[in-house]
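Participant: For reference, the file run04.cif (mmCIF, C-alpha atoms) is included below:
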data_entry
loop_
_atom_site.label_atom_id
_atom_site.label_comp_id
_atom_site.auth_asym_id
_atom_site.auth_seq_id
_atom_site.Cartn_x
_atom_site.Cartn_y
_atom_site.Cartn_z
CA MET A 12 0.00 0.00 0.00
CA GLN A 13 1.40 3.38 -1.07
CA VAL A 14 1.31 6.18 1.53
CA PHE A 15 2.26 9.83 1.11
CA VAL A 16 3.14 11.78 4.24
CA LEU A 17 2.88 15.52 3.65
CA GLY A 18 5.43 17.33 5.80
CA ALA A 19 8.96 16.45 6.92
CA GLY A 20 8.92 17.95 10.39
CA ILE A 21 9.06 15.84 13.53
CA ILE A 22 5.36 14.92 13.17
CA GLY A 23 5.69 13.79 9.55
CA LEU A 24 8.89 11.85 10.18
CA SER A 25 7.43 10.09 13.22
CA THR A 26 4.34 9.26 11.17
CA ALA A 27 6.46 7.83 8.35
CA HIS A 28 8.30 5.67 10.87
CA ALA A 29 5.13 4.32 12.46
CA LEU A 30 3.73 3.42 9.02
CA VAL A 31 6.84 1.84 7.51
CA LYS A 32 7.04 -0.39 10.61
CA GLN A 33 3.64 -1.78 9.63
CA GLY A 34 4.79 -2.62 6.13
CA TYR A 35 3.50 0.37 4.17
CA SER A 36 5.44 1.88 1.27
CA VAL A 37 6.01 5.45 2.46
CA THR A 38 7.05 8.65 0.68
CA VAL A 39 7.56 11.93 2.58
CA ILE A 40 6.89 15.17 0.66
CA ASP A 41 8.15 18.58 1.76
CA LYS A 42 8.72 21.93 0.08
CA HIS A 43 12.04 22.52 1.83
CA PRO A 44 15.42 21.17 0.68
CA ASP A 45 15.84 19.14 3.87
CA VAL A 46 13.80 17.78 6.76
CA ALA A 47 12.88 19.81 9.86
CA GLN A 48 13.16 23.25 8.25
CA GLY A 49 9.92 24.61 9.70
CA THR A 50 8.62 24.69 13.27
CA THR A 51 10.78 21.71 14.25
CA PHE A 52 14.06 23.43 13.37
CA ALA A 53 14.91 25.30 16.60
CA ASN A 54 12.04 24.67 18.99
CA GLY A 55 12.29 24.74 22.78
CA ALA A 56 14.00 21.30 22.82
CA GLN A 57 12.26 20.10 25.99
CA LEU A 58 10.61 16.68 25.91
CA SER A 59 7.98 17.74 28.38
CA TYR A 60 6.03 14.56 29.07
CA SER A 61 4.55 15.65 32.41
CA TYR A 62 3.95 19.33 31.58
CA VAL A 63 1.14 19.14 29.05
CA ALA A 64 -1.55 21.34 30.62
CA PRO A 65 -3.18 23.40 27.84
CA LEU A 66 -2.79 27.14 27.42
CA ALA A 67 -6.57 27.37 27.79
CA GLY A 68 -6.86 27.09 31.54
CA PRO A 69 -8.66 28.63 34.51
CA GLY A 70 -7.65 32.21 35.13
CA VAL A 71 -6.60 32.89 31.54
CA ILE A 72 -9.62 35.03 30.64
CA GLY A 73 -8.73 37.59 33.30
CA LYS A 74 -5.27 37.97 31.76
CA VAL A 75 -6.46 38.65 28.20
CA PRO A 76 -6.79 42.46 28.62
CA LYS A 77 -3.16 42.66 29.77
CA TRP A 78 -2.01 40.55 26.83
CA LEU A 79 -3.84 42.85 24.45
CA LEU A 80 -2.46 46.05 25.97
CA ASP A 81 1.10 45.12 26.98
CA PRO A 82 3.46 44.87 23.97
CA SER A 83 6.08 43.12 26.13
CA SER A 84 3.72 40.42 27.39
CA PRO A 85 5.02 36.87 26.83
CA LEU A 86 1.64 36.09 25.28
CA ARG A 87 0.37 38.45 22.64
CA PHE A 88 -2.90 38.41 20.72
CA THR A 89 -3.69 40.55 17.71
CA PRO A 90 -7.49 41.01 17.44
CA SER A 91 -8.89 39.69 14.16
CA LEU A 92 -12.33 39.92 12.56
CA LYS A 93 -11.73 36.97 10.24
CA PRO A 94 -14.49 34.38 10.88
CA ALA A 95 -12.00 31.51 11.34
CA ASP A 96 -9.94 33.53 13.82
CA MET A 97 -13.00 34.66 15.77
CA CYS A 98 -14.26 31.08 15.93
CA TRP A 99 -10.86 29.88 17.19
CA ASN A 100 -10.77 32.61 19.85
CA LEU A 101 -14.27 31.82 21.09
CA ARG A 102 -13.49 28.11 21.34
CA PHE A 103 -10.31 28.94 23.22
CA LEU A 104 -12.14 31.15 25.73
CA LYS A 105 -14.85 28.51 26.17
CA ALA A 106 -12.14 26.00 27.11
CA CYS A 107 -10.66 28.25 29.80
CA ASN A 108 -12.14 26.45 32.79
CA ALA A 109 -10.83 23.99 35.35
CA THR A 110 -12.99 21.05 34.26
CA ARG A 111 -12.00 21.21 30.60
CA SER A 112 -8.35 21.91 31.43
CA GLU A 113 -8.12 18.90 33.74
CA GLN A 114 -9.77 16.63 31.17
CA THR A 115 -7.40 17.79 28.43
CA THR A 116 -4.38 17.39 30.72
CA ALA A 117 -5.39 13.80 31.51
CA GLU A 118 -5.68 12.94 27.82
CA LEU A 119 -2.41 14.62 26.89
CA LEU A 120 -0.52 12.92 29.72
CA LYS A 121 -1.47 9.51 28.33
CA LEU A 122 -0.41 10.51 24.82
CA ALA A 123 2.85 12.02 26.10
CA TYR A 124 3.78 8.88 28.03
CA LEU A 125 3.03 6.75 24.96
CA SER A 126 5.36 9.06 23.04
CA ARG A 127 8.04 8.73 25.73
CA GLU A 128 7.92 4.95 25.44
CA HIS A 129 8.51 5.06 21.69
CA TYR A 130 11.22 7.73 21.90
CA HIS A 131 13.12 5.57 24.36
CA GLN A 132 13.03 2.69 21.89
CA LEU A 133 14.32 4.92 19.10
CA PHE A 134 17.04 6.56 21.17
CA THR A 135 18.81 3.23 21.65
CA ARG A 136 19.48 3.04 17.90
CA PRO A 137 22.89 4.08 16.52
CA GLU A 138 21.36 6.78 14.31
CA PHE A 139 20.13 8.64 17.40
CA GLN A 140 23.39 8.86 19.36
CA SER A 141 24.28 12.45 18.37
CA ILE A 142 21.07 14.33 19.17
CA ASP A 143 22.26 16.24 22.26
CA PHE A 144 19.96 14.13 24.42
CA SER A 145 19.86 14.68 28.18
CA ALA A 146 17.76 13.16 30.93
CA THR A 147 18.50 15.58 33.76
CA GLY A 148 14.88 16.45 34.51
CA LYS A 149 13.05 19.76 34.47
CA LEU A 150 12.67 22.43 37.14
CA VAL A 151 9.79 24.90 36.81
CA VAL A 152 10.60 27.91 38.98
CA HIS A 153 8.02 30.28 40.46
CA ARG A 154 8.56 33.87 41.51
CA SER A 155 5.45 34.45 43.64
CA GLN A 156 3.70 32.53 46.39
CA ALA A 157 0.43 32.66 44.46
CA SER A 158 2.09 31.08 41.45
CA MET A 159 3.75 28.42 43.59
CA ASP A 160 0.48 27.61 45.34
CA GLY A 161 -1.17 27.14 41.95
CA ALA A 162 1.67 24.88 40.86
CA ILE A 163 1.23 22.69 43.93
CA ARG A 164 -2.49 22.41 43.20
CA GLN A 165 -1.67 21.39 39.63
CA LEU A 166 0.88 18.88 40.95
CA ASP A 167 -1.84 17.30 43.09
CA VAL A 168 -4.18 17.14 40.09
CA GLN A 169 -1.54 15.51 37.91
CA GLN A 170 -0.63 12.94 40.55
CA ARG A 171 -4.30 12.01 40.68
CA LEU A 172 -4.30 11.70 36.88
CA GLY A 173 -1.34 9.30 36.93
CA SER A 174 1.57 11.64 36.24
CA LEU A 175 5.12 10.47 36.79
CA PRO A 176 6.53 11.62 40.16
CA GLN A 177 7.03 15.35 40.72
CA GLN A 178 8.46 17.23 43.72
CA ALA A 179 7.67 20.63 45.17
CA LEU A 180 10.97 22.30 46.11
CA SER A 181 11.79 25.25 48.33
CA ARG A 182 13.95 28.12 47.09
CA GLU A 183 17.02 26.53 48.66
CA GLU A 184 16.25 23.14 47.13
CA CYS A 185 15.87 24.75 43.71
CA ILE A 186 19.40 26.14 43.97
CA GLN A 187 20.72 22.77 45.11
CA LYS A 188 19.08 21.17 42.09
CA GLU A 189 20.43 23.81 39.68
CA PRO A 190 23.29 25.92 41.09
CA ALA A 191 23.29 28.22 38.04
CA LEU A 192 20.08 29.75 39.45
CA ALA A 193 21.95 31.09 42.50
CA PRO A 194 22.22 34.69 41.20
CA ILE A 195 18.41 35.00 41.14
CA ALA A 196 17.71 32.96 44.28
CA HIS A 197 16.25 36.01 46.01
CA GLN A 198 13.64 36.30 43.23
CA LEU A 199 12.38 32.73 43.60
CA VAL A 200 9.78 31.27 45.94
CA GLY A 201 10.15 27.64 44.92
CA GLY A 202 9.71 25.22 42.07
CA ILE A 203 8.43 21.90 40.82
CA PHE A 204 11.00 19.30 39.76
CA THR A 205 10.18 16.41 37.44
CA GLU A 206 13.01 13.91 37.15
CA SER A 207 11.53 12.10 34.13
CA GLU A 208 11.68 15.11 31.78
CA GLU A 209 14.25 15.13 28.98
CA ALA A 210 15.69 17.35 26.26
CA ALA A 211 17.14 16.89 22.78
CA ASP A 212 17.76 18.86 19.61
CA ALA A 213 14.62 18.26 17.50
CA PHE A 214 16.51 19.11 14.31
CA LYS A 215 19.18 16.49 15.07
CA VAL A 216 16.47 13.98 15.99
CA SER A 217 14.86 14.68 12.61
CA GLN A 218 18.16 14.19 10.79
CA ALA A 219 18.56 10.87 12.60
CA PHE A 220 15.02 9.94 11.58
CA LYS A 221 15.84 10.73 7.94
CA GLN A 222 18.91 8.51 8.04
CA TYR A 223 17.06 5.66 9.75
CA LEU A 224 13.96 5.90 7.55
CA SER A 225 16.08 5.80 4.41
CA THR A 226 17.49 2.44 5.52
CA LEU A 227 13.90 1.22 5.93
CA GLY A 228 13.01 2.16 2.37
CA VAL A 229 11.18 5.44 2.97
CA GLN A 230 11.48 7.81 0.00
CA PHE A 231 11.82 11.60 0.29
CA LEU A 232 10.47 14.11 -2.23
CA LEU A 233 12.09 17.31 -1.00
CA ASN A 234 11.98 20.69 -2.76
CA THR A 235 8.47 19.61 -3.74
CA SER A 236 5.61 22.06 -3.14
CA ILE A 237 1.95 21.11 -2.93
CA LYS A 238 -0.55 23.32 -4.73
CA ALA A 239 -3.78 21.62 -3.67
CA LEU A 240 -5.56 18.45 -2.67
CA GLU A 241 -8.14 17.65 -5.33
CA LYS A 242 -11.41 15.78 -4.86
CA GLN A 243 -12.06 12.67 -6.91
CA SER A 244 -15.38 11.05 -7.75
CA ASN A 245 -14.68 8.02 -5.55
CA HIS A 246 -14.46 10.14 -2.35
CA THR A 247 -10.69 10.22 -2.39
CA VAL A 248 -8.20 13.01 -3.04
CA THR A 249 -5.08 13.38 -5.15
CA ILE A 250 -2.12 15.72 -4.67
CA ARG A 251 -1.57 18.54 -7.15
CA LEU A 252 1.99 19.83 -7.06
CA THR A 253 2.98 23.36 -8.04
CA SER A 254 4.64 21.74 -11.07
CA ASN A 255 1.08 20.63 -12.02
CA GLU A 256 2.05 16.99 -11.61
CA THR A 257 -0.64 14.87 -9.93
CA LEU A 258 0.20 12.22 -7.35
CA SER A 259 -2.13 9.45 -6.21
CA ALA A 260 -1.80 7.20 -3.18
CA ASP A 261 -3.77 4.69 -1.17
CA LYS A 262 -3.38 6.90 1.89
CA ILE A 263 -2.38 10.56 2.27
CA ILE A 264 -1.52 11.96 5.70
CA VAL A 265 -1.41 15.72 6.26
CA CYS A 266 1.34 16.67 8.74
CA LEU A 267 1.85 20.26 7.60
CA GLY A 268 1.38 22.17 10.84
CA VAL A 269 0.04 25.70 10.37
CA GLU A 270 -0.20 25.24 6.60
CA SER A 271 -2.73 22.44 6.98
CA ALA A 272 -5.86 24.55 7.49
CA ASN A 273 -5.55 26.43 4.18
CA LEU A 274 -4.82 23.21 2.30
CA LEU A 275 -7.87 21.48 3.78
CA ALA A 276 -10.42 24.30 3.58
CA PRO A 277 -11.23 23.88 -0.16
CA LEU A 278 -12.20 20.29 0.63
CA GLY A 279 -14.75 21.50 3.18
CA ILE A 280 -12.58 20.38 6.09
CA HIS A 281 -12.33 23.14 8.68
CA ALA A 282 -9.44 22.32 10.99
CA PRO A 283 -9.18 24.73 13.94
CA VAL A 284 -5.41 25.19 13.71
CA ALA A 285 -3.98 28.67 14.33
CA PRO A 286 -0.34 29.80 14.13
CA LEU A 287 1.09 30.65 17.54
CA LYS A 288 4.48 32.24 16.93
CA GLY A 289 7.34 31.46 19.26
CA TYR A 290 10.97 32.57 19.32
CA SER A 291 14.21 30.88 20.29
CA LEU A 292 17.87 31.69 20.80
CA THR A 293 20.68 29.14 20.65
CA LEU A 294 24.08 30.12 21.98
CA ASP A 295 27.43 28.50 22.60
CA ILE A 296 28.10 28.14 26.32
CA GLU A 297 31.19 30.08 27.37
CA ASN A 298 30.90 29.70 31.16
CA GLU A 299 29.78 26.27 32.37
CA ALA A 300 29.13 27.49 35.91
CA MET A 301 26.61 30.06 34.68
CA ALA A 302 24.65 27.70 32.41
CA PRO A 303 22.01 25.22 33.60
CA THR A 304 22.33 21.47 33.17
CA VAL A 305 18.73 20.85 34.23
CA SER A 306 15.96 22.02 31.89
CA ILE A 307 14.42 25.17 33.34
CA THR A 308 11.03 26.79 32.83
CA ASP A 309 10.56 30.30 34.21
CA PHE A 310 6.83 30.08 34.80
CA GLU A 311 5.93 33.75 35.15
CA ARG A 312 8.20 34.83 32.28
CA LYS A 313 7.06 31.94 30.04
CA VAL A 314 10.65 31.19 28.98
CA VAL A 315 12.14 27.68 28.74
CA TYR A 316 15.82 26.73 28.82
CA ALA A 317 17.33 23.46 27.60
CA ARG A 318 20.92 22.26 27.61
CA LEU A 319 21.99 20.85 24.23
CA GLY A 320 25.53 19.60 24.69
CA ASN A 321 27.74 22.69 24.75
CA ARG A 322 24.86 24.93 23.66
CA LEU A 323 21.97 26.55 25.50
CA ARG A 324 18.56 26.82 23.84
CA LEU A 325 16.03 29.27 25.26
CA ALA A 326 12.57 29.78 23.85
CA GLY A 327 9.47 31.74 24.65
CA MET A 328 6.69 34.04 23.54
CA ALA A 329 3.32 33.02 22.15
CA ASP A 330 2.07 35.48 19.55
CA LEU A 331 -1.26 34.84 17.85
CA VAL A 332 -0.47 37.08 14.87
CA GLY A 333 -1.38 35.02 11.80
CA LEU A 334 0.90 33.42 9.21
CA ASP A 335 3.78 35.77 9.87
CA TYR A 336 7.20 34.10 9.78
CA ARG A 337 9.20 37.28 10.28
CA ILE A 338 11.48 37.63 13.29
CA ASP A 339 10.34 40.61 15.36
CA PRO A 340 13.49 42.23 16.80
CA ASN A 341 11.50 43.57 19.75
CA ARG A 342 10.49 40.05 20.76
CA ILE A 343 14.06 38.80 20.33
CA ASN A 344 15.36 41.65 22.47
CA ALA A 345 12.78 40.84 25.14
CA LEU A 346 13.93 37.22 25.13
CA ILE A 347 17.58 38.26 25.39
CA LYS A 348 16.74 40.56 28.30
CA GLU A 349 15.00 37.73 30.17
CA ALA A 350 17.88 35.32 29.57
CA GLU A 351 20.56 37.79 30.63
CA ALA A 352 18.63 38.42 33.84
CA VAL A 353 18.56 34.70 34.71
CA PHE A 354 21.77 33.16 33.31
CA ALA A 355 24.02 36.18 32.85
CA GLY A 356 27.46 35.20 31.63
CA ALA A 357 26.49 31.79 30.26
CA GLY A 358 27.38 33.02 26.79
CA ASP A 359 27.03 35.92 24.39
CA TYR A 360 23.30 36.26 23.81
CA GLN A 361 23.87 38.93 21.17
CA LYS A 362 25.65 36.33 19.02
CA ALA A 363 22.99 33.65 19.53
CA GLN A 364 21.19 32.07 16.58
CA GLN A 365 17.80 33.77 16.34
CA TRP A 366 14.75 31.88 15.15
CA ALA A 367 10.97 32.12 14.99
CA GLY A 368 8.49 29.33 14.33
CA LEU A 369 4.73 28.99 14.09
CA ARG A 370 3.26 26.42 16.45
CA PRO A 371 0.06 24.83 15.04
CA ALA A 372 -2.31 25.39 17.96
CA THR A 373 -5.87 24.19 18.48
CA PRO A 374 -8.23 25.99 20.90
CA LEU A 375 -8.29 23.12 23.40
CA GLY A 376 -4.57 22.41 23.07
CA LYS A 377 -5.10 18.90 21.67
CA PRO A 378 -3.77 17.57 18.35
CA ILE A 379 -6.07 16.30 15.62
CA ILE A 380 -5.35 12.68 14.70
CA ASP A 381 -8.17 11.47 12.50
CA GLN A 382 -9.51 10.26 9.18
CA THR A 383 -11.38 12.83 7.10
CA PRO A 384 -14.61 12.27 5.11
CA TYR A 385 -12.34 11.33 2.20
CA ARG A 386 -11.45 7.65 2.26
CA ASN A 387 -7.72 8.09 1.73
CA LEU A 388 -7.08 11.35 3.62
CA TYR A 389 -5.90 11.51 7.24
CA LEU A 390 -4.74 14.26 9.61
CA ASN A 391 -1.94 14.44 12.18
CA ILE A 392 -1.86 18.15 12.98
CA GLY A 393 -2.40 20.79 15.67
CA HIS A 394 0.17 19.81 18.31
CA GLY A 395 0.92 23.38 19.38
CA ALA A 396 3.96 23.74 21.63
CA LEU A 397 3.98 19.98 22.31
CA GLY A 398 4.81 18.74 18.82
CA PHE A 399 8.24 17.40 19.77
CA THR A 400 6.90 15.78 22.93
CA LEU A 401 3.82 14.17 21.36
CA ALA A 402 5.25 13.23 17.95
CA THR A 403 5.92 9.51 18.31
CA GLY A 404 2.78 8.81 20.33
CA SER A 405 0.63 10.68 17.82
CA ALA A 406 2.23 8.71 15.00
CA GLU A 407 1.32 5.44 16.71
CA LEU A 408 -2.32 6.55 17.03
CA LEU A 409 -2.42 7.54 13.36
CA ALA A 410 -0.84 4.28 12.20
CA ALA A 411 -3.27 2.24 14.30
CA LEU A 412 -6.18 4.16 12.76
CA ILE A 413 -4.98 3.48 9.21
CA HIS A 414 -4.45 -0.17 10.15
CA GLN A 415 -8.13 -0.21 11.21
CA GLN A 416 -7.23 -0.99 14.80
CA PRO A 417 -7.88 2.37 16.53
CA HIS A 418 -5.92 2.99 19.73
CA ALA A 419 -7.92 3.43 22.93
CA LEU A 420 -6.85 7.08 23.03
CA HIS A 421 -8.02 7.88 19.50
CA SER A 422 -11.48 9.27 20.33
CA HIS A 423 -9.87 12.01 22.47
CA PHE A 424 -7.97 13.37 19.48
CA ASP A 425 -10.37 13.23 16.56
CA LEU A 426 -11.48 16.34 14.70
CA ALA A 427 -14.71 16.66 16.67
CA ALA A 428 -12.84 16.54 20.00
CA ALA A 429 -10.47 19.30 18.87
CA LYS A 430 -13.40 21.59 18.16
CA GLY A 431 -14.84 21.05 21.63
#
Can I see the file as structure tokens?

Facilitator:
Amino acid sequence: MQVFVLGAGIIGLSTAHALVKQGYSVTVIDKHPDVAQGTTFANGAQLSYSYVAPLAGPGVIGKVPKWLLDPSSPLRFTPSLKPADMCWNLRFLKACNATRSEQTTAELLKLAYLSREHYHQLFTRPEFQSIDFSATGKLVVHRSQASMDGAIRQLDVQQRLGSLPQQALSREECIQKEPALAPIAHQLVGGIFTESEEAADAFKVSQAFKQYLSTLGVQFLLNTSIKALEKQSNHTVTIRLTSNETLSADKIIVCLGVESANLLAPLGIHAPVAPLKGYSLTLDIENEAMAPTVSITDFERKVVYARLGNRLRLAGMADLVGLDYRIDPNRINALIKEAEAVFAGAGDYQKAQQWAGLRPATPLGKPIIDQTPYRNLYLNIGHGALGFTLATGSAELLAALIHQQPHALHSHFDLAAAKG
């Protein structure tokens, strides 16, 4: 059976792997000259299996006015009157309650732990030995007692939902866990440490995937742009390339992130996927003592830090500003300012590699893993900021669906569930 996977990011590559394992003949199509050139390229690098709570949570609605008015806010929304944007925003606001947030967290935890299991299998392979992998855990630090109290409540919720062990730490224990935080100890109240969290360079993981998949017979059509998906009389679709060539396959899986919605809309498929822009900096570490070895999340500042060998990756911001790939220097400068205030002297932030990517976000914070009304068309999209974390688990769900043996988790991630 011939399968085309559209998209060579971490989602598409994981999907190709899950399908070739089941005996399918797989071809990956991407417009870029290499894999992982989009949102995967320089993401936050944290494999955050136990931190999957959605952005739509209790208390968010009260913060929206500040996000709209404060240009330096880590979360920024640009009001839009486009029907699709308004619908997405309304669904997001509707999901901002404790009941929905807890339900979504429970579902995402199960998917994340499935993903963790499959990553661990992959990471034993020789192709995956140079991915800057670390298993030093993650420390989420809090700067106010109110924030810390909320984190402890969330910890209790997650333990009830079956999360891997997490610890609430005092200020002093945070510094013991990560001595590089000592210069800002006076600003911290405490933190939550999760030993099971990991980090890796998603681009290097993708390169390893490409090497491994090639040995399994997966073909790559790179530098190949898709113009449209075209309806056929037998309730299937074909792929129209910008070269006007038409490709047919037994199964077609869309893994195109933020570009998916526009590709699907002419087919009458309305996928609630919006681009949530994030930024990252990657710098060479010049002072080991000033750089963290544990993954760090600065909760109030919404900035994450991950150690990648002799480099430090920091990422943050969430800008709902449409399909805008440009790097905003003001947002980069804000990120540099935050990093220099936390890990001053770790390296030269002004010389860091700057990057921006568009996370494909759904209102509820859940990916869409489903078959469409067209017999040969499937979706694996909408993973938001958790694409790296959820990739291999999502691929297993998609492969099981195509194999007509749906996974027990599937109903939580179909198109209807994503719309709420």

Participant: One decimal, in Å: what's the spacing between CA of Ser259 in chain A and CA of Lys242 in chain A?

Facilitator: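 Going from CA of Ser259 in chain A over to CA of Lys242 in chain A, I get 11.3 Å.
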
Participant: Quick check, in Å to one decimal: how far apart do CA of Gly68 in chain A and CA of Leu122 in chain A lie?

Facilitator: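 If I compute the distance from CA of Gly68 in chain A to CA of Leu122 in chain A, I get 19.0 Å.
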
Participant: Find the residue from A:Leu390, A:Ala219, A:Leu331, A:Leu319 that sits nearest to Ala272 in chain A; use all atoms listed in the file when measuring.

Facilitator: A:Leu390

Participant: Could you list, with a cut-off of 12 Å and counting only C-alpha atoms, the residues of range 20-107 of chain A near range 164-176 of chain A, each shown with its nearest atom pair and the distance in Å rounded to one decimal, rows sorted by chain and ascending number, as a Markdown table?

Facilitator:
| residue | atom | partner | partner_atom | distance |
| --- | --- | --- | --- | --- |
| A:Ser59 | CA | A:Leu175 | CA | 11.5 |
| A:Tyr60 | CA | A:Leu175 | CA | 8.8 |
| A:Ser61 | CA | A:Ser174 | CA | 6.3 |
| A:Tyr62 | CA | A:Gln169 | CA | 9.2 |
| A:Val63 | CA | A:Gln169 | CA | 9.9 |
| A:Ala64 | CA | A:Gln165 | CA | 9.0 |
| A:Gly68 | CA | A:Gln165 | CA | 11.2 |
| A:Pro69 | CA | A:Gln165 | CA | 11.3 |

Participant: Filtering to C-alpha atoms, could you give me those residues as a PDB file, in the coordinates of the input?

Facilitator:
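Contents of the output file selection_27.pdb:
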ATOM      1  CA  SER A  59       7.980  17.740  28.380  1.00  0.00           C
ATOM      2  CA  TYR A  60       6.030  14.560  29.070  1.00  0.00           C
ATOM      3  CA  SER A  61       4.550  15.650  32.410  1.00  0.00           C
ATOM      4  CA  TYR A  62       3.950  19.330  31.580  1.00  0.00           C
ATOM      5  CA  VAL A  63       1.140  19.140  29.050  1.00  0.00           C
ATOM      6  CA  ALA A  64      -1.550  21.340  30.620  1.00  0.00           C
ATOM      7  CA  GLY A  68      -6.860  27.090  31.540  1.00  0.00           C
ATOM      8  CA  PRO A  69      -8.660  28.630  34.510  1.00  0.00           C
TER       9      PRO A  69
END

Participant: Taking the file as shown, find all residues satisfying the PyMOL selection byres ((chain A and resi 22) around 10) and write them as a ChimeraX atom specification.

Facilitator: /A:16-21,23-28,47,51,217,265-268,391-392,394,398-406

Participant: List the residues selected by the PyMOL selection byres ((chain A and resi 314) around 10) in the file shown, writing them as a list in words.

Facilitator: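 Checking the PyMOL selection byres ((chain A and resi 314) around 10) against this file, the residues are Gly55, Pro85, Tyr290, Ser291, Ile307, Thr308, Asp309, Phe310, Glu311, Arg312, Lys313, Val315, Tyr316, Leu325, Ala326, Gly327, Met328, Leu346, Glu349 and Ala350 of chain A.
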
Participant: Please write the residues from the selection above to a file, keeping C-alpha atoms, as an mmCIF file, keeping the file's coordinate frame.

Facilitator:
data_model
loop_
_atom_site.group_PDB
_atom_site.id
_atom_site.type_symbol
_atom_site.label_atom_id
_atom_site.label_comp_id
_atom_site.auth_asym_id
_atom_site.auth_seq_id
_atom_site.Cartn_x
_atom_site.Cartn_y
_atom_site.Cartn_z
ATOM 1 C CA GLY A 55 12.290 24.740 22.780
ATOM 2 C CA PRO A 85 5.020 36.870 26.830
ATOM 3 C CA TYR A 290 10.970 32.570 19.320
ATOM 4 C CA SER A 291 14.210 30.880 20.290
ATOM 5 C CA ILE A 307 14.420 25.170 33.340
ATOM 6 C CA THR A 308 11.030 26.790 32.830
ATOM 7 C CA ASP A 309 10.560 30.300 34.210
ATOM 8 C CA PHE A 310 6.830 30.080 34.800
ATOM 9 C CA GLU A 311 5.930 33.750 35.150
ATOM 10 C CA ARG A 312 8.200 34.830 32.280
ATOM 11 C CA LYS A 313 7.060 31.940 30.040
ATOM 12 C CA VAL A 315 12.140 27.680 28.740
ATOM 13 C CA TYR A 316 15.820 26.730 28.820
ATOM 14 C CA LEU A 325 16.030 29.270 25.260
ATOM 15 C CA ALA A 326 12.570 29.780 23.850
ATOM 16 C CA GLY A 327 9.470 31.740 24.650
ATOM 17 C CA MET A 328 6.690 34.040 23.540
ATOM 18 C CA LEU A 346 13.930 37.220 25.130
ATOM 19 C CA GLU A 349 15.000 37.730 30.170
ATOM 20 C CA ALA A 350 17.880 35.320 29.570
#

Participant: Env of Phe88 in chain A: 9 Å cut, atoms = only C-alpha atoms, seq-sep filter 2 positions within chain, self excluded. Answer as a ChimeraX atom specification.

Facilitator: /A:75,78-79,86,90-91,329-332

Participant: Convert the output of the PyMOL selection byres ((chain A and resi 270) around 12) on the shown file into explicit residues, formatted as a ChimeraX atom specification.

Facilitator: /A:17-18,41-42,49-50,236-239,265-269,271-276,282-286,333-336,369-372,392-393

Participant: Given the selection you just returned, output its residues as a file containing C-alpha atoms, formatted as an mmCIF file, in the coordinates of the input.

Facilitator:
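This went into again.cif:
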data_model
loop_
_atom_site.group_PDB
_atom_site.id
_atom_site.type_symbol
_atom_site.label_atom_id
_atom_site.label_comp_id
_atom_site.auth_asym_id
_atom_site.auth_seq_id
_atom_site.Cartn_x
_atom_site.Cartn_y
_atom_site.Cartn_z
ATOM 1 C CA LEU A 17 2.880 15.520 3.650
ATOM 2 C CA GLY A 18 5.430 17.330 5.800
ATOM 3 C CA ASP A 41 8.150 18.580 1.760
ATOM 4 C CA LYS A 42 8.720 21.930 0.080
ATOM 5 C CA GLY A 49 9.920 24.610 9.700
ATOM 6 C CA THR A 50 8.620 24.690 13.270
ATOM 7 C CA SER A 236 5.610 22.060 -3.140
ATOM 8 C CA ILE A 237 1.950 21.110 -2.930
ATOM 9 C CA LYS A 238 -0.550 23.320 -4.730
ATOM 10 C CA ALA A 239 -3.780 21.620 -3.670
ATOM 11 C CA VAL A 265 -1.410 15.720 6.260
ATOM 12 C CA CYS A 266 1.340 16.670 8.740
ATOM 13 C CA LEU A 267 1.850 20.260 7.600
ATOM 14 C CA GLY A 268 1.380 22.170 10.840
ATOM 15 C CA VAL A 269 0.040 25.700 10.370
ATOM 16 C CA SER A 271 -2.730 22.440 6.980
ATOM 17 C CA ALA A 272 -5.860 24.550 7.490
ATOM 18 C CA ASN A 273 -5.550 26.430 4.180
ATOM 19 C CA LEU A 274 -4.820 23.210 2.300
ATOM 20 C CA LEU A 275 -7.870 21.480 3.780
ATOM 21 C CA ALA A 276 -10.420 24.300 3.580
ATOM 22 C CA ALA A 282 -9.440 22.320 10.990
ATOM 23 C CA PRO A 283 -9.180 24.730 13.940
ATOM 24 C CA VAL A 284 -5.410 25.190 13.710
ATOM 25 C CA ALA A 285 -3.980 28.670 14.330
ATOM 26 C CA PRO A 286 -0.340 29.800 14.130
ATOM 27 C CA GLY A 333 -1.380 35.020 11.800
ATOM 28 C CA LEU A 334 0.900 33.420 9.210
ATOM 29 C CA ASP A 335 3.780 35.770 9.870
ATOM 30 C CA TYR A 336 7.200 34.100 9.780
ATOM 31 C CA LEU A 369 4.730 28.990 14.090
ATOM 32 C CA ARG A 370 3.260 26.420 16.450
ATOM 33 C CA PRO A 371 0.060 24.830 15.040
ATOM 34 C CA ALA A 372 -2.310 25.390 17.960
ATOM 35 C CA ILE A 392 -1.860 18.150 12.980
ATOM 36 C CA GLY A 393 -2.400 20.790 15.670
#

Participant: Which residues are near Pro417 in chain A? Cut-off 12 Å, all atoms listed in the file, ignore same chain within fewer than 4 positions. Put them as a list in words.

Facilitator: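 Within the cut-off, the hits are Ile380, Asp381, Gln382, Ser405, Glu407, Leu408, Leu409, Ala410, Ala411, Leu412, Ile413, His421, Ser422, His423, Phe424 and Asp425 of chain A.
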